[in-house]
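Remarks on the structure that follows.
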Amino acid sequence: MGSTASRDSGKARYLQIAEDLADQIRAGVLKPGEQVPSEAQLMTRYSVAQGTARKAVAELRPMGLVDTLHGKGTFVKSKPPVRRKSSDRFRRSHRNAGKAAYIAESEQAGKTPGVTVLYVGPVDVPADIAERLDVTAGSKVLARRRLYFSDGTPTEEATSYLPWDIAKDIPELFEDNPGGGGIYARLEDNGHTLREFTETVRARLATKQETSALRLSPGAPVIHLTRSAETESGRVVEVCDTIMAADQFVLDYRIPAGD
């Protein structure tokens, strides 16, 4: 009984410390980019054991308030997450202005976007993607895999899959940079006018590969978003499989309430 009470008391203590630190961050006492007090400092300030101090800091990460840099410490996030508005990010006006969705939304959030192309070329399509594209599992498709950055920090890894019979006739899709407006602009330039996008969103813990690619803390959550792009003729011409650092984004959806 006493042992259980002691554990409960310890848990309550690190949560109290975490909330105190969170309040300091929200109030601007701990400023953006500033280092959070070290475990040793927290142990002295709050008269707690190292494990309690460590747990308190760990509680701040899923709140989206801090970043932990290996060997350097934990720092208050410099800017709020990017807000992804489904009603805005795929507007044709962005493509006509020569801006892909990620570029447009990052700039709106006041962040500097960046992208590294990891692979462009043919692959055997995975079964779940094949179902969305309505092609045979294992058949050849064009894959475009990218790593996106915000203010120099990797925030998402995305792979676009396009049917081979469409992609083979659009040479820009095989280039690292497909041109202004991105691949959706090139698809529309070639007669594949887009009608709507469908997204499936899941939340889960990052894999080891994802933790490494996005420089996440062990056990950090990610958003797994899969999007289908459908043309006016009803054909899905691209499926994008995206892994996003959960603390870097807010997903904002507009849902009609009519029939």
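By convention here, the chains of the structure tokens are called A, B, ... in the order presented, each chain's residues are numbered starting at 1, and ligands are numbered starting at 1 in the order presented.
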Quiz prompt | DSSP strand (DSSP E) residues within segment 56-183 of chain A, as a ChimeraX atom specification | solution = /A:66-69,73-76,82-85,113-124,140-150,153-163
Practice problem: Excluding segment 130-144 of chain A and residues on its chain fewer than 2 positions from it, collect all residues at most 9 Å away from it, counting only C-alpha atoms, and give them as a PyMOL selection string. | Solution: chain A and resi 117-128+146+158-165+167-168+173-174+176+228+235-239
Save out the residues we just selected, C-alpha atoms, as a PDB file, in the first residue's frame.
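Output file again-v3.pdb is given in full below:
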```pdb
ATOM      1  CA  VAL A 117      14.735  14.502 -53.026  1.00  0.00           C
ATOM      2  CA  LEU A 118      15.639  11.004 -51.826  1.00  0.00           C
ATOM      3  CA  TYR A 119      14.542   8.960 -54.846  1.00  0.00           C
ATOM      4  CA  VAL A 120      12.730   9.328 -58.162  1.00  0.00           C
ATOM      5  CA  GLY A 121      12.138   6.271 -60.313  1.00  0.00           C
ATOM      6  CA  PRO A 122      10.178   3.058 -60.853  1.00  0.00           C
ATOM      7  CA  VAL A 123       9.174   0.779 -57.982  1.00  0.00           C
ATOM      8  CA  ASP A 124       6.882  -2.188 -57.467  1.00  0.00           C
ATOM      9  CA  VAL A 125       3.771  -0.692 -55.912  1.00  0.00           C
ATOM     10  CA  PRO A 126       2.899  -1.805 -52.353  1.00  0.00           C
ATOM     11  CA  ALA A 127      -0.445  -3.568 -51.978  1.00  0.00           C
ATOM     12  CA  ASP A 128      -2.158  -0.819 -49.977  1.00  0.00           C
ATOM     13  CA  ARG A 146      11.169  13.479 -50.483  1.00  0.00           C
ATOM     14  CA  ALA A 158       6.612  11.711 -48.234  1.00  0.00           C
ATOM     15  CA  THR A 159       6.460   9.283 -51.139  1.00  0.00           C
ATOM     16  CA  SER A 160       4.194   9.957 -54.105  1.00  0.00           C
ATOM     17  CA  TYR A 161       3.133   7.032 -56.288  1.00  0.00           C
ATOM     18  CA  LEU A 162       1.856   7.679 -59.832  1.00  0.00           C
ATOM     19  CA  PRO A 163       0.487   5.176 -62.393  1.00  0.00           C
ATOM     20  CA  TRP A 164       3.194   4.319 -64.896  1.00  0.00           C
ATOM     21  CA  ASP A 165       0.982   4.751 -67.957  1.00  0.00           C
ATOM     22  CA  ALA A 167       3.887   9.228 -65.577  1.00  0.00           C
ATOM     23  CA  LYS A 168       5.844   7.859 -68.555  1.00  0.00           C
ATOM     24  CA  LEU A 173       7.777  13.959 -63.203  1.00  0.00           C
ATOM     25  CA  PHE A 174      11.117  12.150 -63.455  1.00  0.00           C
ATOM     26  CA  ASP A 176      14.067  16.135 -58.957  1.00  0.00           C
ATOM     27  CA  SER A 228      -5.353  10.212 -53.025  1.00  0.00           C
ATOM     28  CA  ARG A 235      -9.276   8.289 -61.828  1.00  0.00           C
ATOM     29  CA  VAL A 236      -6.779   8.405 -58.941  1.00  0.00           C
ATOM     30  CA  VAL A 237      -3.566   9.692 -60.517  1.00  0.00           C
ATOM     31  CA  GLU A 238      -1.407   9.960 -57.394  1.00  0.00           C
ATOM     32  CA  VAL A 239      -1.247   8.528 -53.899  1.00  0.00           C
TER      33      VAL A 239
END
```
Quiz item: as a PyMOL selection string, which residues of segment 98-235 of chain A does DSSP assign to helix (DSSP H, G or I)?
Solution: chain A and resi 101-108+127-133+164-167+171-174+182-189+208-213
Quiz item: So which one's closest to Lys208 of chain A, A:Leu69, A:Val57, A:Ile166, A:Ala220? Using only C-alpha atoms, please.
Solution: A:Ala220
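Interatomic distance, atom CA of Lys77 of chain A against atom CA of Ile243 of chain A: 20.2 Å.
The coordinates place atom CA of Leu21 of chain A at 15.0 Å from atom CA of Gly73 of chain A.
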Would you kindly return, as a PDB file with all heavy atoms, in the first residue's frame, each protein, DNA or RNA residue with an atom no farther than 12 Å from any atom of Met63 of chain A, considering only C-alpha atoms and excluding same-chain residues fewer than 5 positions away?
```pdb
ATOM      1  N   ALA A  18       6.280  19.405 -14.717  1.00  0.00           N
ATOM      2  CA  ALA A  18       6.067  19.580 -16.155  1.00  0.00           C
ATOM      3  C   ALA A  18       5.078  20.708 -16.428  1.00  0.00           C
ATOM      4  O   ALA A  18       5.289  21.532 -17.324  1.00  0.00           O
ATOM      5  CB  ALA A  18       5.572  18.276 -16.776  1.00  0.00           C
ATOM      6  N   GLU A  19       3.996  20.754 -15.654  1.00  0.00           N
ATOM      7  CA  GLU A  19       2.997  21.802 -15.854  1.00  0.00           C
ATOM      8  C   GLU A  19       3.565  23.172 -15.499  1.00  0.00           C
ATOM      9  O   GLU A  19       3.261  24.170 -16.162  1.00  0.00           O
ATOM     10  CB  GLU A  19       1.748  21.508 -15.013  1.00  0.00           C
ATOM     11  CG  GLU A  19       0.560  22.388 -15.352  1.00  0.00           C
ATOM     12  CD  GLU A  19       0.181  22.320 -16.829  1.00  0.00           C
ATOM     13  OE1 GLU A  19       0.215  21.214 -17.412  1.00  0.00           O
ATOM     14  OE2 GLU A  19      -0.135  23.396 -17.400  1.00  0.00           O
ATOM     15  N   LEU A  21       6.725  24.061 -15.811  1.00  0.00           N
ATOM     16  CA  LEU A  21       7.602  24.429 -16.929  1.00  0.00           C
ATOM     17  C   LEU A  21       6.780  24.836 -18.149  1.00  0.00           C
ATOM     18  O   LEU A  21       7.123  25.796 -18.851  1.00  0.00           O
ATOM     19  CB  LEU A  21       8.519  23.247 -17.277  1.00  0.00           C
ATOM     20  CG  LEU A  21       9.575  22.882 -16.227  1.00  0.00           C
ATOM     21  CD1 LEU A  21      10.272  21.575 -16.595  1.00  0.00           C
ATOM     22  CD2 LEU A  21      10.598  24.004 -16.077  1.00  0.00           C
ATOM     23  N   ALA A  22       5.688  24.111 -18.400  1.00  0.00           N
ATOM     24  CA  ALA A  22       4.820  24.444 -19.531  1.00  0.00           C
ATOM     25  C   ALA A  22       4.230  25.841 -19.360  1.00  0.00           C
ATOM     26  O   ALA A  22       4.155  26.623 -20.321  1.00  0.00           O
ATOM     27  CB  ALA A  22       3.704  23.410 -19.666  1.00  0.00           C
ATOM     28  N   ASP A  23       3.823  26.166 -18.139  1.00  0.00           N
ATOM     29  CA  ASP A  23       3.281  27.503 -17.857  1.00  0.00           C
ATOM     30  C   ASP A  23       4.340  28.577 -18.113  1.00  0.00           C
ATOM     31  O   ASP A  23       4.026  29.656 -18.652  1.00  0.00           O
ATOM     32  CB  ASP A  23       2.795  27.589 -16.412  1.00  0.00           C
ATOM     33  CG  ASP A  23       1.501  26.813 -16.173  1.00  0.00           C
ATOM     34  OD1 ASP A  23       0.820  26.473 -17.165  1.00  0.00           O
ATOM     35  OD2 ASP A  23       1.183  26.535 -14.998  1.00  0.00           O
ATOM     36  N   ILE A  25       6.790  28.396 -20.239  1.00  0.00           N
ATOM     37  CA  ILE A  25       6.975  28.512 -21.688  1.00  0.00           C
ATOM     38  C   ILE A  25       5.843  29.323 -22.304  1.00  0.00           C
ATOM     39  O   ILE A  25       6.064  30.228 -23.115  1.00  0.00           O
ATOM     40  CB  ILE A  25       7.053  27.109 -22.328  1.00  0.00           C
ATOM     41  CG1 ILE A  25       8.342  26.396 -21.884  1.00  0.00           C
ATOM     42  CG2 ILE A  25       6.996  27.206 -23.852  1.00  0.00           C
ATOM     43  CD1 ILE A  25       8.418  24.943 -22.289  1.00  0.00           C
ATOM     44  N   ARG A  26       4.614  29.002 -21.917  1.00  0.00           N
ATOM     45  CA  ARG A  26       3.449  29.701 -22.488  1.00  0.00           C
ATOM     46  C   ARG A  26       3.433  31.176 -22.098  1.00  0.00           C
ATOM     47  O   ARG A  26       2.958  32.021 -22.863  1.00  0.00           O
ATOM     48  CB  ARG A  26       2.166  29.011 -22.023  1.00  0.00           C
ATOM     49  CG  ARG A  26       2.018  27.575 -22.528  1.00  0.00           C
ATOM     50  CD  ARG A  26       0.700  26.964 -22.071  1.00  0.00           C
ATOM     51  NE  ARG A  26       0.590  25.568 -22.493  1.00  0.00           N
ATOM     52  CZ  ARG A  26       0.524  24.539 -21.644  1.00  0.00           C
ATOM     53  NH1 ARG A  26       0.522  24.743 -20.328  1.00  0.00           N
ATOM     54  NH2 ARG A  26       0.424  23.307 -22.101  1.00  0.00           N
ATOM     55  N   ALA A  56       9.737  14.783 -15.977  1.00  0.00           N
ATOM     56  CA  ALA A  56       9.067  16.078 -16.130  1.00  0.00           C
ATOM     57  C   ALA A  56       9.395  16.700 -17.486  1.00  0.00           C
ATOM     58  O   ALA A  56       8.511  17.192 -18.195  1.00  0.00           O
ATOM     59  CB  ALA A  56       9.481  17.021 -14.996  1.00  0.00           C
ATOM     60  N   VAL A  57      10.669  16.664 -17.864  1.00  0.00           N
ATOM     61  CA  VAL A  57      11.078  17.221 -19.153  1.00  0.00           C
ATOM     62  C   VAL A  57      10.487  16.411 -20.303  1.00  0.00           C
ATOM     63  O   VAL A  57      10.040  16.956 -21.317  1.00  0.00           O
ATOM     64  CB  VAL A  57      12.623  17.268 -19.257  1.00  0.00           C
ATOM     65  CG1 VAL A  57      13.056  17.699 -20.664  1.00  0.00           C
ATOM     66  CG2 VAL A  57      13.194  18.218 -18.221  1.00  0.00           C
ATOM     67  N   ALA A  58      10.455  15.096 -20.117  1.00  0.00           N
ATOM     68  CA  ALA A  58       9.894  14.225 -21.159  1.00  0.00           C
ATOM     69  C   ALA A  58       8.431  14.540 -21.424  1.00  0.00           C
ATOM     70  O   ALA A  58       7.949  14.391 -22.544  1.00  0.00           O
ATOM     71  CB  ALA A  58      10.058  12.760 -20.766  1.00  0.00           C
ATOM     72  N   VAL A  76      13.153  25.267 -25.874  1.00  0.00           N
ATOM     73  CA  VAL A  76      11.804  25.708 -26.192  1.00  0.00           C
ATOM     74  C   VAL A  76      11.680  25.865 -27.703  1.00  0.00           C
ATOM     75  O   VAL A  76      12.582  26.412 -28.347  1.00  0.00           O
ATOM     76  CB  VAL A  76      11.489  27.053 -25.506  1.00  0.00           C
ATOM     77  CG1 VAL A  76      10.077  27.529 -25.852  1.00  0.00           C
ATOM     78  CG2 VAL A  76      11.649  26.928 -23.998  1.00  0.00           C
ATOM     79  N   LYS A  77      10.595  25.359 -28.260  1.00  0.00           N
ATOM     80  CA  LYS A  77      10.392  25.470 -29.702  1.00  0.00           C
ATOM     81  C   LYS A  77      10.408  26.931 -30.111  1.00  0.00           C
ATOM     82  O   LYS A  77       9.865  27.808 -29.434  1.00  0.00           O
ATOM     83  CB  LYS A  77       9.055  24.835 -30.110  1.00  0.00           C
ATOM     84  CG  LYS A  77       9.129  23.334 -30.225  1.00  0.00           C
ATOM     85  CD  LYS A  77       7.841  22.797 -30.817  1.00  0.00           C
ATOM     86  CE  LYS A  77       7.948  21.295 -31.003  1.00  0.00           C
ATOM     87  NZ  LYS A  77       8.987  20.913 -31.953  1.00  0.00           N
ATOM     88  N   PRO A  80       5.533  28.177 -33.611  1.00  0.00           N
ATOM     89  CA  PRO A  80       4.411  27.242 -33.498  1.00  0.00           C
ATOM     90  C   PRO A  80       4.359  26.289 -34.684  1.00  0.00           C
ATOM     91  O   PRO A  80       4.997  26.525 -35.719  1.00  0.00           O
ATOM     92  CB  PRO A  80       3.186  28.170 -33.486  1.00  0.00           C
ATOM     93  CG  PRO A  80       3.647  29.394 -34.212  1.00  0.00           C
ATOM     94  CD  PRO A  80       5.089  29.558 -33.839  1.00  0.00           C
ATOM     95  N   PRO A  81       3.603  25.185 -34.563  1.00  0.00           N
ATOM     96  CA  PRO A  81       3.493  24.230 -35.666  1.00  0.00           C
ATOM     97  C   PRO A  81       2.886  24.856 -36.916  1.00  0.00           C
ATOM     98  O   PRO A  81       2.168  25.857 -36.846  1.00  0.00           O
ATOM     99  CB  PRO A  81       2.570  23.140 -35.091  1.00  0.00           C
ATOM    100  CG  PRO A  81       2.626  23.321 -33.622  1.00  0.00           C
ATOM    101  CD  PRO A  81       2.841  24.772 -33.388  1.00  0.00           C
ATOM    102  N   ALA A 220       8.520   9.123 -29.918  1.00  0.00           N
ATOM    103  CA  ALA A 220       7.747  10.291 -30.342  1.00  0.00           C
ATOM    104  C   ALA A 220       6.610   9.868 -31.275  1.00  0.00           C
ATOM    105  O   ALA A 220       6.737   8.913 -32.040  1.00  0.00           O
ATOM    106  CB  ALA A 220       8.650  11.289 -31.061  1.00  0.00           C
ATOM    107  N   PRO A 221       5.484  10.583 -31.244  1.00  0.00           N
ATOM    108  CA  PRO A 221       4.368  10.258 -32.130  1.00  0.00           C
ATOM    109  C   PRO A 221       4.554  10.864 -33.513  1.00  0.00           C
ATOM    110  O   PRO A 221       5.236  11.882 -33.683  1.00  0.00           O
ATOM    111  CB  PRO A 221       3.166  10.904 -31.421  1.00  0.00           C
ATOM    112  CG  PRO A 221       3.760  12.088 -30.726  1.00  0.00           C
ATOM    113  CD  PRO A 221       5.145  11.654 -30.296  1.00  0.00           C
ATOM    114  N   ALA A 246       4.508  14.724 -35.415  1.00  0.00           N
ATOM    115  CA  ALA A 246       3.199  15.144 -34.906  1.00  0.00           C
ATOM    116  C   ALA A 246       3.232  16.507 -34.230  1.00  0.00           C
ATOM    117  O   ALA A 246       2.247  17.253 -34.275  1.00  0.00           O
ATOM    118  CB  ALA A 246       2.658  14.095 -33.938  1.00  0.00           C
ATOM    119  N   ASP A 247       4.362  16.865 -33.625  1.00  0.00           N
ATOM    120  CA  ASP A 247       4.412  18.139 -32.906  1.00  0.00           C
ATOM    121  C   ASP A 247       4.697  19.324 -33.817  1.00  0.00           C
ATOM    122  O   ASP A 247       4.710  20.466 -33.378  1.00  0.00           O
ATOM    123  CB  ASP A 247       5.456  18.084 -31.785  1.00  0.00           C
ATOM    124  CG  ASP A 247       6.874  17.866 -32.313  1.00  0.00           C
ATOM    125  OD1 ASP A 247       7.017  17.503 -33.506  1.00  0.00           O
ATOM    126  OD2 ASP A 247       7.831  18.051 -31.546  1.00  0.00           O
ATOM    127  N   GLN A 248       4.902  19.048 -35.112  1.00  0.00           N
ATOM    128  CA  GLN A 248       5.236  20.121 -36.043  1.00  0.00           C
ATOM    129  C   GLN A 248       4.038  20.616 -36.856  1.00  0.00           C
ATOM    130  O   GLN A 248       4.156  21.587 -37.599  1.00  0.00           O
ATOM    131  CB  GLN A 248       6.332  19.649 -37.020  1.00  0.00           C
ATOM    132  CG  GLN A 248       7.670  19.366 -36.368  1.00  0.00           C
ATOM    133  CD  GLN A 248       8.384  20.627 -35.930  1.00  0.00           C
ATOM    134  OE1 GLN A 248       8.196  21.691 -36.500  1.00  0.00           O
ATOM    135  NE2 GLN A 248       9.206  20.513 -34.901  1.00  0.00           N
TER     136      GLN A 248
END
```
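Take the candidates A:Glu157, A:Asp20, A:Glu196, A:Glu59 and check each one against Gly114 of chain A using only C-alpha atoms; the shortest distance goes to A:Glu157.
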Quiz item: Contacts of Val66 of chain A at 7 Å or less, counting only C-alpha atoms, minus same-chain residues fewer than 2 places along, as a list in words?
Solution: Leu60, Arg61, Gly64, Thr68, Thr74, Phe75, Val76 and Lys77 of chain A
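For Ser233 of chain A, the set of protein, DNA and RNA residues having any atom at most 9 Å away, when counting only C-alpha atoms and skipping those fewer than 2 positions along the same chain, is His192, Thr193, Leu194, Arg195, Glu230, Thr231 and Arg235 of chain A.
Shell of Ala203 of chain A at 8 Å, with only C-alpha atoms counted and residues fewer than 2 places along the chain excluded, is Val201, Leu205, Pro221, Val222, Ile223 and His224 of chain A.
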For segment 179-199 of chain A versus segment 95-105 of chain A, which residues have an atom no more than 10 Å away, and what is each residue's nearest atom pair and distance in Å rounded to one decimal, using only C-alpha atoms, chain-then-number order, as JSON lines?
```
{"residue": "A:Gly179", "atom": "CA", "partner": "A:Gly98", "partner_atom": "CA", "distance": 7.7}
{"residue": "A:Gly180", "atom": "CA", "partner": "A:Gly98", "partner_atom": "CA", "distance": 4.0}
{"residue": "A:Gly181", "atom": "CA", "partner": "A:Arg95", "partner_atom": "CA", "distance": 4.1}
{"residue": "A:Gly182", "atom": "CA", "partner": "A:Ala100", "partner_atom": "CA", "distance": 5.0}
{"residue": "A:Ile183", "atom": "CA", "partner": "A:Ala100", "partner_atom": "CA", "distance": 8.1}
{"residue": "A:Tyr184", "atom": "CA", "partner": "A:Arg95", "partner_atom": "CA", "distance": 7.5}
{"residue": "A:Ala185", "atom": "CA", "partner": "A:Arg95", "partner_atom": "CA", "distance": 5.8}
{"residue": "A:Arg186", "atom": "CA", "partner": "A:Arg95", "partner_atom": "CA", "distance": 9.4}
{"residue": "A:Glu188", "atom": "CA", "partner": "A:Arg95", "partner_atom": "CA", "distance": 9.7}
```
Exercise. Considering only C-alpha atoms, return as a ChimeraX atom specification whatever protein or nucleic-acid residues lie within 8 Å of Ser150 of chain A, sequence-local ones (same chain, fewer than 4 positions apart) excluded.
Key: /A:106,111-114,154-155
